file run_10.tsv (TSV, C-alpha atoms)
chain	number	residue	atom	x	y	z
L	12	MET	CA	88.99	91.23	105.33
L	13	ALA	CA	91.56	91.65	102.59
L	14	PHE	CA	89.50	90.72	99.60
L	15	ALA	CA	89.52	93.68	97.29
L	16	LEU	CA	87.18	95.26	94.76
L	17	THR	CA	88.48	96.27	91.37
L	18	CYS	CA	85.64	98.65	90.64
L	19	THR	CA	85.42	101.93	92.50
L	20	ASN	CA	82.17	103.45	93.69
L	21	PHE	CA	83.00	106.85	92.18
L	22	VAL	CA	79.68	108.53	93.06
L	23	PRO	CA	76.89	107.71	95.52
L	24	ARG	CA	74.35	105.34	94.12
L	25	MET	CA	72.06	107.28	91.77
L	26	LYS	CA	68.35	107.29	92.18
L	27	GLN	CA	66.52	105.35	89.51
L	28	ILE	CA	64.66	108.37	88.26
L	29	THR	CA	67.96	110.10	87.46
L	30	ALA	CA	69.10	107.16	85.36
L	31	HIS	CA	65.82	107.18	83.47
L	32	ILE	CA	66.07	110.88	82.73
L	33	LEU	CA	69.64	110.64	81.48
L	34	GLY	CA	68.85	107.55	79.46
L	35	PHE	CA	65.84	109.25	77.89
L	36	LEU	CA	67.88	112.31	76.96
L	37	MET	CA	70.53	110.16	75.35
L	38	LEU	CA	67.92	108.12	73.53
L	39	LEU	CA	66.70	111.33	71.95
L	40	GLY	CA	70.25	112.10	70.89
L	41	LEU	CA	70.72	108.64	69.37
L	42	ALA	CA	67.43	108.00	67.65
L	43	GLY	CA	66.28	111.49	66.79
L	44	HIS	CA	62.73	112.46	65.93
L	45	PRO	CA	61.03	110.11	63.45
L	46	LEU	CA	60.02	113.05	61.27
L	47	LYS	CA	63.69	113.89	60.57
L	48	ALA	CA	64.95	111.12	58.35
L	49	GLN	CA	68.63	112.11	58.36
L	50	THR	CA	69.03	112.67	62.12
L	51	VAL	CA	70.06	109.07	62.88
L	52	GLN	CA	72.90	109.04	60.35
L	53	GLU	CA	74.09	112.47	61.47
L	54	THR	CA	74.06	111.33	65.09
L	55	GLU	CA	76.00	108.15	64.30
L	56	ASP	CA	78.73	110.12	62.54
L	57	SER	CA	79.07	112.55	65.44
L	58	LEU	CA	79.33	109.90	68.18
L	59	GLN	CA	82.66	108.90	69.70
L	60	ILE	CA	83.34	106.04	72.11
L	61	GLY	CA	86.28	106.16	74.49
L	62	LEU	CA	87.65	103.60	76.94
L	63	LEU	CA	88.47	105.41	80.18
L	64	THR	CA	91.12	103.84	82.41
L	65	CYS	CA	91.54	105.31	85.88
L	66	SER	CA	94.85	104.93	87.67
L	67	PRO	CA	94.98	102.91	90.92
L	68	GLY	CA	94.16	104.65	94.18
L	69	THR	CA	95.10	104.04	97.79
L	70	ALA	CA	91.86	102.49	99.09
L	71	VAL	CA	91.51	98.70	98.97
L	72	TYR	CA	88.85	98.83	96.26
L	73	GLU	CA	90.93	101.30	94.20
L	74	LEU	CA	94.20	99.35	94.02
L	75	TYR	CA	93.62	97.87	90.59
L	76	GLY	CA	92.26	100.91	88.78
L	77	HIS	CA	88.91	101.29	87.13
L	78	THR	CA	87.31	101.24	83.68
L	79	ALA	CA	84.37	103.12	82.18
L	80	LEU	CA	83.04	103.97	78.73
L	81	ARG	CA	82.69	107.53	77.48
L	82	VAL	CA	80.05	108.37	74.87
L	83	LYS	CA	80.60	111.81	73.39
L	84	ASN	CA	78.33	113.46	70.83
L	85	ALA	CA	80.08	116.29	69.00
L	86	LYS	CA	76.84	117.39	67.34
L	87	ASP	CA	74.74	118.17	70.42
L	88	GLY	CA	77.56	118.51	72.96
L	89	THR	CA	76.44	115.68	75.26
L	90	ASP	CA	79.20	113.80	77.05
L	91	TRP	CA	78.24	110.77	79.17
L	92	VAL	CA	80.28	108.26	81.14
L	93	PHE	CA	78.87	104.76	81.69
L	94	ASN	CA	80.27	102.95	84.71
L	95	TYR	CA	79.64	99.33	85.75
L	96	GLY	CA	81.21	99.93	89.18
L	97	ILE	CA	78.14	101.18	91.06
L	98	PHE	CA	77.08	99.36	94.22
L	99	ASP	CA	74.88	100.32	97.15
L	100	PHE	CA	76.18	100.01	100.72
L	101	SER	CA	72.62	100.45	102.00
L	102	THR	CA	71.49	97.19	100.40
L	103	PRO	CA	70.10	94.86	103.11
L	104	ASN	CA	72.82	92.53	104.48
L	105	PHE	CA	75.43	94.12	102.20
L	106	THR	CA	78.45	92.99	104.25
L	107	TRP	CA	77.16	89.43	104.63
L	108	ARG	CA	76.32	89.19	100.92
L	109	PHE	CA	79.75	90.54	100.04
L	110	MET	CA	81.41	87.85	102.18
L	111	LEU	CA	79.38	85.23	100.34
L	112	GLY	CA	80.26	86.67	96.94
L	113	GLU	CA	76.67	87.70	96.26
L	114	THR	CA	77.17	91.43	95.67
L	115	ASP	CA	75.10	92.99	92.89
L	116	TYR	CA	76.42	95.91	90.88
L	117	THR	CA	74.63	98.13	88.39
L	118	LEU	CA	75.37	100.45	85.49
L	119	GLY	CA	75.60	104.10	86.45
L	120	VAL	CA	75.75	107.14	84.17
L	121	SER	CA	77.09	110.62	84.82
L	122	THR	CA	78.48	113.51	82.81
L	123	PHE	CA	82.15	113.31	81.94
L	124	ARG	CA	82.71	116.53	83.88
L	125	GLN	CA	81.37	114.93	87.09
L	126	PHE	CA	83.41	111.80	86.50
L	127	ALA	CA	86.65	113.71	85.86
L	128	ARG	CA	86.12	116.00	88.83
L	129	HIS	CA	85.69	113.06	91.18
L	130	TYR	CA	88.88	111.31	90.09
L	131	ALA	CA	90.87	114.54	90.12
L	132	HIS	CA	89.73	115.08	93.71
L	133	ASP	CA	90.95	111.57	94.61
L	134	GLY	CA	94.35	112.14	93.00
L	135	ARG	CA	93.75	109.56	90.26
L	136	SER	CA	94.59	110.26	86.65
L	137	VAL	CA	92.34	109.12	83.79
L	138	THR	CA	93.46	108.06	80.32
L	139	GLU	CA	91.06	107.95	77.37
L	140	GLN	CA	91.57	105.66	74.40
L	141	VAL	CA	89.28	106.83	71.60
L	142	LEU	CA	88.17	103.69	69.78
L	143	ASN	CA	88.62	103.39	66.01
L	144	LEU	CA	85.05	102.33	65.25
L	145	THR	CA	82.68	102.63	62.31
L	146	PRO	CA	79.49	104.67	62.79
L	147	ASP	CA	77.45	101.46	63.04
L	148	GLU	CA	79.76	100.00	65.70
L	149	THR	CA	79.71	103.23	67.67
L	150	TYR	CA	75.94	103.45	67.54
L	151	ALA	CA	75.59	99.80	68.63
L	152	ILE	CA	77.66	100.39	71.78
L	153	ALA	CA	75.89	103.62	72.68
L	154	HIS	CA	72.46	102.12	72.11
L	155	ALA	CA	73.27	99.01	74.19
L	156	LEU	CA	74.46	101.17	77.09
L	157	ASP	CA	71.43	103.41	76.88
L	158	SER	CA	69.06	100.43	76.83
L	159	LEU	CA	70.56	99.02	80.05
L	160	VAL	CA	70.37	102.34	81.87
L	161	CYS	CA	66.66	102.50	81.13
L	162	LEU	CA	65.97	99.07	82.66
L	163	HIS	CA	64.38	99.37	86.10
L	164	ASN	CA	66.56	97.95	88.91
L	165	TRP	CA	68.91	96.18	86.49
L	166	THR	CA	71.93	94.59	88.23
L	167	TYR	CA	74.61	92.01	87.57
L	168	ARG	CA	76.36	89.65	89.94
L	169	TYR	CA	79.83	91.12	90.46
L	170	ASN	CA	82.75	88.72	90.17
L	171	PHE	CA	86.25	89.95	91.01
L	172	LEU	CA	88.07	87.92	88.34
L	173	TYR	CA	85.51	87.11	85.66
L	174	ASP	CA	82.71	89.67	85.59
L	175	ASN	CA	83.56	93.18	86.73
L	176	CYS	CA	83.47	96.79	85.56
L	177	THR	CA	86.27	96.21	83.05
L	178	THR	CA	85.05	92.94	81.52
L	179	ARG	CA	81.57	94.45	81.07
L	180	ALA	CA	82.95	97.48	79.23
L	181	VAL	CA	85.21	95.31	77.07
L	182	ASP	CA	82.32	92.99	76.17
L	183	HIS	CA	80.32	95.95	74.83
L	184	VAL	CA	83.16	96.79	72.47
L	185	ILE	CA	83.82	93.24	71.31
L	186	LYS	CA	80.15	92.47	70.61
L	187	ALA	CA	79.70	95.61	68.52
L	188	LEU	CA	82.67	95.06	66.20
L	189	ASP	CA	82.21	94.13	62.57
L	190	GLY	CA	85.12	91.73	62.68
L	191	LYS	CA	87.35	90.07	65.24
L	192	ILE	CA	89.99	91.46	67.58
L	193	GLN	CA	93.57	90.36	67.08
L	194	TRP	CA	95.29	90.75	70.42
L	195	PRO	CA	99.06	91.34	70.66
L	196	LYS	CA	101.25	88.32	71.35
L	197	GLN	CA	102.23	87.93	74.97
L	198	SER	CA	105.92	87.69	75.79
L	199	ALA	CA	105.37	85.92	79.11
L	200	GLN	CA	102.61	84.02	80.86
L	201	VAL	CA	100.91	85.63	83.84
L	202	THR	CA	98.40	84.43	86.41
L	203	PHE	CA	95.65	86.15	88.35
L	204	ARG	CA	97.93	86.13	91.37
L	205	ASP	CA	100.75	87.76	89.37
L	206	ILE	CA	98.45	90.63	88.36
L	207	ILE	CA	97.07	90.99	91.89
L	208	HIS	CA	100.63	91.20	93.23
L	209	GLU	CA	101.62	93.71	90.56
L	210	PHE	CA	99.11	96.24	91.86
L	211	SER	CA	98.98	95.42	95.57
L	212	ALA	CA	102.35	94.07	96.75
L	213	ASP	CA	103.94	97.51	97.00
L	214	ALA	CA	100.82	99.67	97.27
L	215	SER	CA	99.11	97.64	100.01
L	216	PRO	CA	101.23	94.76	101.41
L	217	TRP	CA	98.59	93.72	103.94
L	218	ASN	CA	95.90	93.51	101.28
L	219	CYS	CA	98.24	91.44	99.12
L	220	PHE	CA	99.02	89.12	102.03
L	221	GLY	CA	95.35	88.75	102.88
L	222	GLN	CA	94.44	87.81	99.33
L	223	ASP	CA	97.24	85.26	99.26
L	224	LEU	CA	95.66	83.66	102.33
L	225	ILE	CA	92.25	83.21	100.74
L	226	LEU	CA	92.94	82.67	97.02
L	227	GLY	CA	93.80	79.16	95.87
L	228	THR	CA	95.21	77.29	92.89
L	229	GLU	CA	92.63	78.75	90.49
L	230	THR	CA	94.52	82.03	90.63
L	231	ASP	CA	97.86	80.35	89.82
L	232	GLN	CA	96.89	79.04	86.38
L	233	PRO	CA	98.31	80.73	83.24
L	234	LEU	CA	95.84	83.23	81.79
L	235	THR	CA	94.64	83.60	78.24
L	236	THR	CA	94.61	87.09	76.77
L	237	ASP	CA	90.85	87.31	77.25
L	238	GLN	CA	91.21	86.48	80.96
L	239	GLN	CA	93.78	89.23	81.46
L	240	LEU	CA	91.10	91.75	80.51
L	241	PHE	CA	89.70	91.60	84.05
L	242	SER	CA	92.37	94.13	85.01
L	243	PRO	CA	91.69	97.75	83.98
L	244	VAL	CA	95.37	98.49	83.33
L	245	TYR	CA	95.94	95.26	81.37
L	246	ALA	CA	92.81	95.91	79.30
L	247	SER	CA	94.12	99.36	78.44
L	248	ARG	CA	97.51	97.95	77.42
L	249	LEU	CA	95.96	95.26	75.24
L	250	PHE	CA	93.51	97.69	73.61
L	251	GLY	CA	96.42	99.95	72.70
L	252	GLU	CA	98.09	97.20	70.64
L	253	ALA	CA	95.03	95.34	69.32
L	254	GLN	CA	93.85	95.21	65.72
L	255	ILE	CA	90.36	94.75	64.29
L	256	VAL	CA	90.39	92.16	61.55
L	257	GLY	CA	87.50	92.40	59.09
L	258	ASP	CA	85.90	89.53	57.22
L	259	ASP	CA	87.89	90.53	54.13
L	260	GLY	CA	91.17	90.34	56.04
L	261	SER	CA	91.61	94.09	56.35
L	262	LYS	CA	93.04	95.43	59.59
L	263	ARG	CA	92.64	98.63	61.54
L	264	PRO	CA	93.90	99.63	64.99
L	265	LEU	CA	91.33	99.25	67.77
L	266	VAL	CA	92.43	102.56	69.29
L	267	ARG	CA	92.46	105.74	67.21
L	268	SER	CA	94.10	108.03	69.74
L	269	THR	CA	95.13	108.13	73.40
L	270	GLU	CA	94.97	111.13	75.71
L	271	LEU	CA	95.50	111.78	79.40
L	272	VAL	CA	92.20	113.54	80.13
L	273	VAL	CA	92.74	113.87	83.90
L	274	ASP	CA	96.33	114.54	84.91
L	275	VAL	CA	96.83	114.87	88.67
L	276	ALA	CA	99.46	113.93	91.24
L	277	PRO	CA	98.59	110.93	93.45
L	278	LEU	CA	97.48	111.65	97.00
L	279	PRO	CA	99.88	110.82	99.85
L	280	ASP	CA	99.73	107.18	100.89
L	281	HIS	CA	99.26	106.73	104.65
L	282	ARG	CA	99.81	103.02	105.13
L	283	PHE	CA	100.49	100.95	108.22
L	284	PRO	CA	104.24	101.26	108.86
L	285	LEU	CA	104.89	97.55	109.41
L	286	THR	CA	104.59	95.09	106.54
L	287	PRO	CA	103.49	91.46	106.99
L	288	MET	CA	107.11	90.40	106.53
L	289	ALA	CA	108.29	92.77	109.26
L	290	VAL	CA	105.60	91.52	111.66
L	291	CYS	CA	106.51	87.89	110.94
L	292	ILE	CA	110.21	88.54	111.55
L	293	ILE	CA	109.45	90.31	114.83
L	294	LEU	CA	107.19	87.44	115.91
L	295	MET	CA	109.83	84.92	114.92
L	296	VAL	CA	112.51	86.70	116.99
L	297	VAL	CA	110.21	86.93	120.02
L	298	VAL	CA	109.15	83.28	119.85
L	299	ALA	CA	112.75	82.16	119.30
L	300	ALA	CA	113.86	84.14	122.38
L	301	VAL	CA	111.04	82.71	124.52
L	302	THR	CA	111.77	79.18	123.30
L	303	LEU	CA	115.50	79.53	124.05
L	304	TRP	CA	114.67	80.75	127.54
L	305	GLU	CA	112.32	77.77	128.03
L	306	TYR	CA	115.01	75.40	126.81
L	307	LYS	CA	117.47	76.71	129.36
L	308	ARG	CA	114.89	76.40	132.14
L	309	ARG	CA	113.80	73.00	130.83
L	310	HIS	CA	110.07	73.66	130.88
L	311	VAL	CA	107.45	75.05	128.49
L	312	PHE	CA	105.07	77.92	129.11
L	313	THR	CA	101.79	76.77	127.58
L	314	VAL	CA	100.45	80.31	127.15
L	315	THR	CA	102.88	80.82	124.23
L	316	ASP	CA	101.42	77.89	122.33
L	317	ASP	CA	97.88	78.88	123.32
L	318	LEU	CA	98.26	82.32	121.77
L	319	LEU	CA	99.70	80.88	118.56
L	320	LEU	CA	96.87	78.35	118.33
L	321	PHE	CA	94.30	81.10	118.87
L	322	VAL	CA	95.68	83.24	116.04
L	323	GLN	CA	95.97	80.21	113.76
L	324	GLY	CA	92.40	79.22	114.53
L	325	LEU	CA	91.02	82.71	113.84
L	326	ALA	CA	92.70	82.78	110.44
L	327	GLY	CA	91.39	79.27	109.88
L	328	LEU	CA	87.81	80.35	110.58
L	329	LEU	CA	88.01	82.93	107.79
L	330	VAL	CA	89.67	80.55	105.32
L	331	ALA	CA	87.15	77.79	106.09
L	332	PHE	CA	84.15	80.10	105.83
L	333	LEU	CA	85.21	81.35	102.40
L	334	TYR	CA	86.23	77.85	101.27
L	335	PHE	CA	82.91	76.23	102.11
L	336	CYS	CA	80.39	79.08	101.91
L	337	SER	CA	81.55	81.79	99.52
L	338	SER	CA	81.12	81.92	95.76
L	339	HIS	CA	84.04	84.34	95.35
L	340	PRO	CA	86.36	83.03	92.60
L	341	GLY	CA	89.50	81.24	93.73
L	342	VAL	CA	88.59	80.71	97.39
L	343	GLY	CA	87.23	77.20	96.83
L	344	SER	CA	90.59	75.89	95.59
L	345	ASN	CA	92.61	77.15	98.56
L	346	TRP	CA	94.95	74.51	99.95
L	347	PHE	CA	95.55	76.57	103.06
L	348	ILE	CA	92.44	74.80	104.33
L	349	VAL	CA	94.60	71.84	105.43
L	350	TRP	CA	96.51	74.07	107.85
L	351	LEU	CA	94.40	77.17	108.43
L	352	ASN	CA	91.09	75.73	109.59
L	353	PRO	CA	88.96	75.81	112.79
L	354	LEU	CA	90.61	72.71	114.29
L	355	PRO	CA	93.21	74.68	116.33
L	356	ILE	CA	90.40	76.63	118.03
L	357	ILE	CA	88.55	73.41	118.86
L	358	TYR	CA	91.75	71.75	120.06
L	359	LEU	CA	92.69	74.83	122.12
L	360	GLY	CA	89.74	74.36	124.48
L	361	TRP	CA	90.69	70.75	125.11
L	362	LYS	CA	94.37	71.67	125.49
L	363	ILE	CA	93.67	74.31	128.16
L	364	LYS	CA	91.59	71.76	130.10
L	365	GLN	CA	94.42	69.22	129.92
L	366	ASN	CA	96.96	71.80	131.08
L	367	ILE	CA	94.81	72.78	134.06
L	368	GLN	CA	94.56	69.12	135.06
L	369	ASN	CA	98.32	68.71	134.47
L	370	ARG	CA	97.79	66.09	131.79
L	371	PRO	CA	99.61	65.70	128.45
L	372	ASP	CA	98.09	67.91	125.76
L	373	HIS	CA	99.88	66.36	122.72
L	374	PHE	CA	100.49	69.81	121.21
L	375	HIS	CA	103.54	68.57	119.31
L	376	VAL	CA	101.48	65.81	117.71
L	377	VAL	CA	98.51	67.94	116.64
L	378	SER	CA	100.58	70.84	115.33
L	379	GLY	CA	103.08	68.46	113.76
L	380	VAL	CA	100.33	66.76	111.73
L	381	LEU	CA	98.92	70.10	110.52
L	382	LEU	CA	102.40	71.27	109.55
L	383	GLY	CA	102.95	68.03	107.68
L	384	LEU	CA	99.75	68.57	105.71
L	385	PHE	CA	100.83	72.12	104.91
L	386	ALA	CA	104.22	70.88	103.69
L	387	ALA	CA	102.51	68.35	101.40
L	388	ALA	CA	100.22	71.06	100.01
L	389	ALA	CA	103.17	73.37	99.38
L	390	ILE	CA	104.96	70.65	97.43
L	391	PHE	CA	102.15	69.03	95.46
L	392	SER	CA	99.22	71.46	95.14
L	393	GLY	CA	100.78	73.94	92.72
L	394	GLN	CA	99.51	76.84	94.85
L	395	LYS	CA	101.92	79.70	95.54
L	396	PHE	CA	102.20	80.49	99.23
L	397	PRO	CA	103.65	83.80	100.45
L	398	ILE	CA	107.08	83.75	102.09
L	399	GLU	CA	105.56	85.07	105.32
L	400	ILE	CA	103.57	81.85	105.67
L	401	TYR	CA	106.73	79.75	105.62
L	402	LEU	CA	108.12	81.91	108.43
L	403	LEU	CA	104.94	81.34	110.46
L	404	ALA	CA	105.18	77.61	109.78
L	405	LEU	CA	108.79	77.68	110.98
L	406	ILE	CA	107.68	79.41	114.20
L	407	LEU	CA	105.19	76.62	114.88
L	408	LEU	CA	107.81	74.02	114.01
L	409	VAL	CA	110.09	75.51	116.69
L	410	ARG	CA	107.23	75.23	119.18
L	411	VAL	CA	106.60	71.63	118.15
L	412	GLY	CA	110.29	70.91	118.77
L	413	ILE	CA	110.40	72.40	122.27
L	414	ASN	CA	107.19	70.59	123.25
L	415	TYR	CA	108.59	67.33	121.93
L	416	ARG	CA	111.85	67.90	123.86
L	417	PHE	CA	110.10	68.59	127.17
L	418	PRO	CA	106.71	66.86	126.95
L	419	SER	CA	106.25	66.48	130.70
L	420	HIS	CA	107.74	69.79	131.85
L	421	ARG	CA	105.00	72.36	131.33
L	422	THR	CA	103.59	75.16	133.44
L	423	ASP	CA	100.79	77.67	133.11
L	424	ASN	CA	102.78	80.29	135.03

call {"tool": "encode", "arguments": {"input": "run_10.tsv", "output": "structure tokens"}}
result
Amino acid sequence: MAFALTCTNFVPRMKQITAHILGFLMLLGLAGHPLKAQTVQETEDSLQIGLLTCSPGTAVYELYGHTALRVKNAKDGTDWVFNYGIFDFSTPNFTWRFMLGETDYTLGVSTFRQFARHYAHDGRSVTEQVLNLTPDETYAIAHALDSLVCLHNWTYRYNFLYDNCTTRAVDHVIKALDGKIQWPKQSAQVTFRDIIHEFSADASPWNCFGQDLILGTETDQPLTTDQQLFSPVYASRLFGEAQIVGDDGSKRPLVRSTELVVDVAPLPDHRFPLTPMAVCIILMVVVAAVTLWEYKRRHVFTVTDDLLLFVQGLAGLLVAFLYFCSSHPGVGSNWFIVWLNPLPIIYLGWKIKQNIQNRPDHFHVVSGVLLGLFAAAAIFSGQKFPIEIYLLALILLVRVGINYRFPSHRTDN
């Protein structure tokens, strides 16, 4: 399945007792001992919050980068990283729940040294943007993070586009500010699909193609600035140009300083040598050659159409399952459902029976209707379909034509 995760599971899921211990230690650093009246103010002044943005990796769930929050205390030397990208593969029915869009993530905490070492090992650089916050704002973020870590079995329902590791980190910052954020003006409109393509089209063409198959018109709508914050890299860009506007109209940059805290060369990318476009072109040439040969011999080999129907039906099963059953964002507005659905698989059984009995199978009618529905969706739905899909549609159109030309000259040999 090509559906990707934006948040990387950078360490194995931590045992709950570890989270409690780390949270308790940080709580001591934040609140201090009640007998020392000045400890709280001293701690607030020594705290520093940084937005960590990790560069994209080569794995499917690493393609879009990752975001975490760093809480550094210069006074006591503690240095924690809070990460909303923790999930547990051992959760019962994990794969099934993921398909349904019911995956629960949690907030993990580790030392910055552990975090940096992991990403360096994976060949992924990390940039830190130290936030330009007041002591009260800094303390509010740190305290909110610490409080969540201490909650037993706390999770949130992960959502690829609207509620992920980046949006959670950004929300902490926005809620703590004494003022409002003024985002930079955007020079051009972008969509979810545009951003997905930006990070996957070159890095992982098959993942990009797969997402285009399952994501519908919801991902082709222009995004507001707030919606663009689902992407770790876009959030980092916007933070770098944002201003905090106080109630009195005063302004200050959201980011105080930026530093590349993990600087490593990317690991070699070992991808499948053929892209979806290359495979479609090869398939098109093969089918065209077979069809030309059939035309010269004036009869159709039904096995060619059977194989195409089988592949179309398999893709349709996935699209239909996600369309009707999954709560993943974007899949319920997918107009591919009019062409990629289980009907070809159902029809294939009947077609094979008709061919065995040497009766008309009406392939050109059934496929022609489905292609007509696809053409209407491409024109009127507003959904962007990948070029490879038009090539596949053209292949089926060629098969419709040869079956229409020789409707009574078929063979199973």

call {"tool": "atom_distance", "arguments": {"input": "run_10.tsv", "atom1": "atom CA of L:Ala212", "atom2": "atom CA of L:Gly227"}}
result
17.2 Å

call {"tool": "residues_around", "arguments": {"input": "run_10.tsv", "residues": "stretch 204-208 of chain L", "least_positions_apart": "2", "cutoff": "9 Å", "atoms": "only C-alpha atoms", "output": "PyMOL selection string"}}
result
chain L and resi 75+201-202+210-213+216+219+222-223+226+230-232+239+242+245+395

call {"tool": "residues_around", "arguments": {"input": "run_10.tsv", "residues": "L:Ala214", "least_positions_apart": "6", "cutoff": "12 Å", "atoms": "all atoms listed in the file", "output": "ChimeraX atom specification"}}
result
/L:67-71,73-75,207-208,220,279-283,286

call {"tool": "atom_distance", "arguments": {"input": "run_10.tsv", "atom1": "atom CA of L:Gly360", "atom2": "atom CA of L:Gly383"}}
result
22.3 Å

call {"tool": "residues_around", "arguments": {"input": "run_10.tsv", "residues": "stretch 314-331 of chain L", "least_positions_apart": "4", "cutoff": "6 Å", "atoms": "all atoms listed in the file", "output": "JSON list (two decimals) with C-alpha atoms, in the frame of the given file"}}
result
[["chain", "number", "residue", "atom", "x", "y", "z"],
["L", 225, "ILE", "CA", 92.25, 83.21, 100.74],
["L", 351, "LEU", "CA", 94.40, 77.17, 108.43],
["L", 352, "ASN", "CA", 91.09, 75.73, 109.59],
["L", 353, "PRO", "CA", 88.96, 75.81, 112.79],
["L", 355, "PRO", "CA", 93.21, 74.68, 116.33],
["L", 356, "ILE", "CA", 90.40, 76.63, 118.03]]

call {"tool": "closest_residue", "arguments": {"input": "run_10.tsv", "among": "L:Gly341, L:Pro195, L:Pro277, L:Gly412", "to": "L:Ser378", "atoms": "only C-alpha atoms"}}
result
L:Gly412

call {"tool": "atom_distance", "arguments": {"input": "run_10.tsv", "atom1": "atom CA of L:Leu333", "atom2": "atom CA of L:Ser101"}}
result
22.9 Å

call {"tool": "closest_residue", "arguments": {"input": "run_10.tsv", "among": "L:Ile348, L:Val266, L:Leu405, L:Ile97", "to": "L:Ser247", "atoms": "all atoms listed in the file"}}
result
L:Val266

call {"tool": "closest_atom_pairs", "arguments": {"input": "run_10.tsv", "of": "stretch 210-288 of chain L", "to": "stretch 139-154 of chain L", "cutoff": "10 Å", "atoms": "all atoms listed in the file", "output": "JSON lines"}}
result
{"residue": "L:Ser247", "atom": "CA", "partner": "L:Gln140", "partner_atom": "CA", "distance": 7.9}
{"residue": "L:Phe250", "atom": "CA", "partner": "L:Gln140", "partner_atom": "CA", "distance": 8.2}
{"residue": "L:Gly251", "atom": "CA", "partner": "L:Gln140", "partner_atom": "CA", "distance": 7.7}
{"residue": "L:Gln254", "atom": "CA", "partner": "L:Asn143", "partner_atom": "CA", "distance": 9.7}
{"residue": "L:Ile255", "atom": "CA", "partner": "L:Asn143", "partner_atom": "CA", "distance": 9.0}
{"residue": "L:Arg263", "atom": "CA", "partner": "L:Asn143", "partner_atom": "CA", "distance": 7.7}
{"residue": "L:Pro264", "atom": "CA", "partner": "L:Asn143", "partner_atom": "CA", "distance": 6.6}
{"residue": "L:Leu265", "atom": "CA", "partner": "L:Asn143", "partner_atom": "CA", "distance": 5.3}
{"residue": "L:Val266", "atom": "CA", "partner": "L:Leu142", "partner_atom": "CA", "distance": 4.4}
{"residue": "L:Arg267", "atom": "CA", "partner": "L:Asn143", "partner_atom": "CA", "distance": 4.7}
{"residue": "L:Ser268", "atom": "CA", "partner": "L:Val141", "partner_atom": "CA", "distance": 5.3}
{"residue": "L:Thr269", "atom": "CA", "partner": "L:Gln140", "partner_atom": "CA", "distance": 4.4}
{"residue": "L:Glu270", "atom": "CA", "partner": "L:Glu139", "partner_atom": "CA", "distance": 5.3}
{"residue": "L:Leu271", "atom": "CA", "partner": "L:Glu139", "partner_atom": "CA", "distance": 6.2}
{"residue": "L:Val272", "atom": "CA", "partner": "L:Glu139", "partner_atom": "CA", "distance": 6.3}
{"residue": "L:Val273", "atom": "CA", "partner": "L:Glu139", "partner_atom": "CA", "distance": 9.0}

call {"tool": "residues_around", "arguments": {"input": "run_10.tsv", "residues": "L:Met110", "least_positions_apart": "5", "cutoff": "10 Å", "atoms": "only C-alpha atoms", "output": "CSV table (one decimal) with C-alpha atoms, keeping the file's coordinate frame"}}
result
chain,number,residue,atom,x,y,z
L,12,MET,CA,89.0,91.2,105.3
L,14,PHE,CA,89.5,90.7,99.6
L,105,PHE,CA,75.4,94.1,102.2
L,329,LEU,CA,88.0,82.9,107.8
L,332,PHE,CA,84.2,80.1,105.8
L,333,LEU,CA,85.2,81.4,102.4
L,336,CYS,CA,80.4,79.1,101.9
L,337,SER,CA,81.6,81.8,99.5
L,338,SER,CA,81.1,81.9,95.8
L,339,HIS,CA,84.0,84.3,95.4

call {"tool": "axis_aligned_box", "arguments": {"input": "run_10.tsv", "around": "stretch 327-342 of chain L", "padding_each_side": "4 Å", "output": "AutoDock Vina command-line options"}}
result
--center_x 85.9 --center_y 80.3 --center_z 101.6 --size_x 19.0 --size_y 16.1 --size_z 26.0

call {"tool": "closest_residue", "arguments": {"input": "run_10.tsv", "among": "L:Ala180, L:Leu58, L:Ala289, L:Ala199", "to": "L:Gly96", "atoms": "all atoms listed in the file"}}
result
L:Ala180

call {"tool": "residues_around", "arguments": {"input": "run_10.tsv", "residues": "stretch 123-132 of chain L", "least_positions_apart": "4", "cutoff": "8 Å", "atoms": "all atoms listed in the file", "output": "VMD selection string"}}
result
chain L and resid 21 to 22 65 81 90 to 92 136 to 137 272 to 275

call {"tool": "closest_residue", "arguments": {"input": "run_10.tsv", "among": "L:Phe203, L:Phe241, L:Phe385, L:Phe93", "to": "L:Ala155", "atoms": "all atoms listed in the file"}}
result
L:Phe93
